[in-house]
Every structure is written in C-alpha cells, then in structure tokens.
Amino acid sequence: MKTLLLTLALVASTAPALAQAKLGHIDRQALMLTLPERKDAEAKMQAFAKTLDDRLKAMGAEYQQKVTDAQAKEATMTNTEKEMVVREIADLEKRIAEAQEKAQEDLAKQEEELLRPMVEKTNQAIRDVASENGFTYIFDISTGLVLYHERGEDILPKVKAKLGIQ
C-alpha cells in the first residue's frame, strides 16, 4: 500500500513535466537486426557454438565407448576392476556436466562480447538523435515495457540515418 501511494505521488508530481516533454520511441531490436555487423557477429556465434558442441559430442562419444567397453568386459572383471570402471564413468559424467555448464557460460559471454560494441554504437546514436531533436524521453518498445504509445515520435529512421543504415 505504501509503495502504491509513493508511486501515485511520483506520477502526480511528474505529470506536468511529462505533459511538456517530447517523447520518442524506438524498436531497438529492429535496429539491431539492421546493423551490418550483426551478420558477422551471428556467424562468429554459430562457429563458436559449433566448436563447443563438437567438444561436447566428443566427450559424449568417449562416455558411450567407456560404457560399451565396460558392459562387454563386465563378466570377466573383478569387483575391484568394476569399481574402478564405475568411478571412471562417474568422473566422466561429472566432467561432461561441468563442460556443458561451462559451454553455456562461455556462449553467453561470447554473445555479450560480440553484442556490446553494437549496443554501445546504437546507444550513442540514440542519445545523439535525442539530443539533436530535443527529446526528453526515448522508450524502447521492443522490451515490452511500453504497453501503449500513441504519441511520441518513432526515432528509428533518424537513428538508422545517423548510423548510415538504409
């Protein structure tokens, strides 16, 4: 209840300022899809993902081979040998699980690394267009946070022009 009252008070106090503000919006996702360097980044991501996938497949093949070998020799193994093989297979399962987790982390890190320059570039272009055209607020409509926007200007064409994109 307290939060609701604070929110209402904040909205009421900023309503006059918003009425005079120049509002704009942009679909940043659409902008990012038009960047020329996006295709190169996607190709690098796919190549990196394939490398990780190949490593995981090799580990999976090694695991399958060890299990198959153990099953084939099981009848002739001593209990000590069986325990040793079970331990090796369990260790390999653990390594595979760790490798899968690490691959996901590495993939996310690679994606962030490749997207960061594009995000910084588009942020600067958005700031420049907003400043040059006297906008007080620019909303990103691709995030789903802006539920309605009748007023305001779509600055996507201006930002694309600023970035030299057709």
# chains A, B, ... in the order shown; residues from 1 in each chain; ligands from 1
$ residues_around --residues "range 127-130 of chain A" --least-positions-apart "6" --cutoff "9 Å" --atoms "only C-alpha atoms" --output "tab-separated table (two decimals) with C-alpha atoms, in the first residue's frame"
chain	number	residue	atom	x	y	z
A	24	GLY	CA	10.10	9.35	-28.68
A	136	THR	CA	13.19	14.35	-23.21
A	137	TYR	CA	12.47	10.61	-23.15
A	138	ILE	CA	13.11	7.76	-25.58
A	155	ILE	CA	13.12	7.79	-34.00
A	158	LYS	CA	16.63	9.02	-37.67
A	159	VAL	CA	18.89	6.65	-35.73
A	162	LYS	CA	22.72	8.53	-38.05
$ atom_distance --atom1 "CA of His25 in chain A" --atom2 "CA of Leu163 in chain A"
16.8 Å
$ atom_distance --atom1 "CA of Asn123 in chain A" --atom2 "CA of Lys22 in chain A"
18.4 Å
$ residues_around --residues "range 88-96 of chain A" --least-positions-apart "3" --cutoff "8 Å" --atoms "only C-alpha atoms" --output "VMD selection string"
chain A and resid 56 59 to 60 63 66 to 67 84 to 85 99 to 100
$ write_last_selection --atoms "N, CA and C atoms" --output "compact mmCIF listing (two decimals), in the first residue's frame"
# COMPACT_ATOMS: atom_id res chain seq x y z
N LEU A 56 31.59 -31.22 -26.86
CA LEU A 56 30.64 -31.97 -26.03
C LEU A 56 30.28 -33.31 -26.68
N MET A 59 33.09 -35.71 -26.05
CA MET A 59 33.03 -36.23 -24.68
C MET A 59 31.91 -37.26 -24.55
N GLY A 60 30.79 -37.02 -25.20
CA GLY A 60 29.68 -37.97 -25.17
C GLY A 60 30.05 -39.28 -25.84
N TYR A 63 32.26 -41.19 -23.52
CA TYR A 63 31.42 -41.76 -22.46
C TYR A 63 30.74 -43.04 -22.96
N LYS A 66 33.21 -45.89 -23.26
CA LYS A 66 33.59 -46.46 -21.96
C LYS A 66 32.48 -47.35 -21.42
N VAL A 67 31.23 -46.91 -21.53
CA VAL A 67 30.10 -47.70 -21.06
C VAL A 67 30.01 -49.00 -21.85
N MET A 84 36.51 -49.59 -10.24
CA MET A 84 37.39 -48.62 -10.92
C MET A 84 36.71 -48.08 -12.19
N VAL A 85 36.10 -48.95 -12.97
CA VAL A 85 35.42 -48.54 -14.20
C VAL A 85 34.22 -47.66 -13.87
N ALA A 99 31.37 -29.47 -18.26
CA ALA A 99 31.68 -28.91 -19.58
C ALA A 99 30.44 -28.29 -20.22
N GLN A 100 29.28 -28.93 -20.03
CA GLN A 100 28.04 -28.36 -20.57
C GLN A 100 27.72 -27.03 -19.91
$ select_by_dssp --residues "chain A" --states "alpha helix (DSSP H)" --output "ChimeraX atom specification"
/A:2-20,28-34,37-73,79-132,156-163
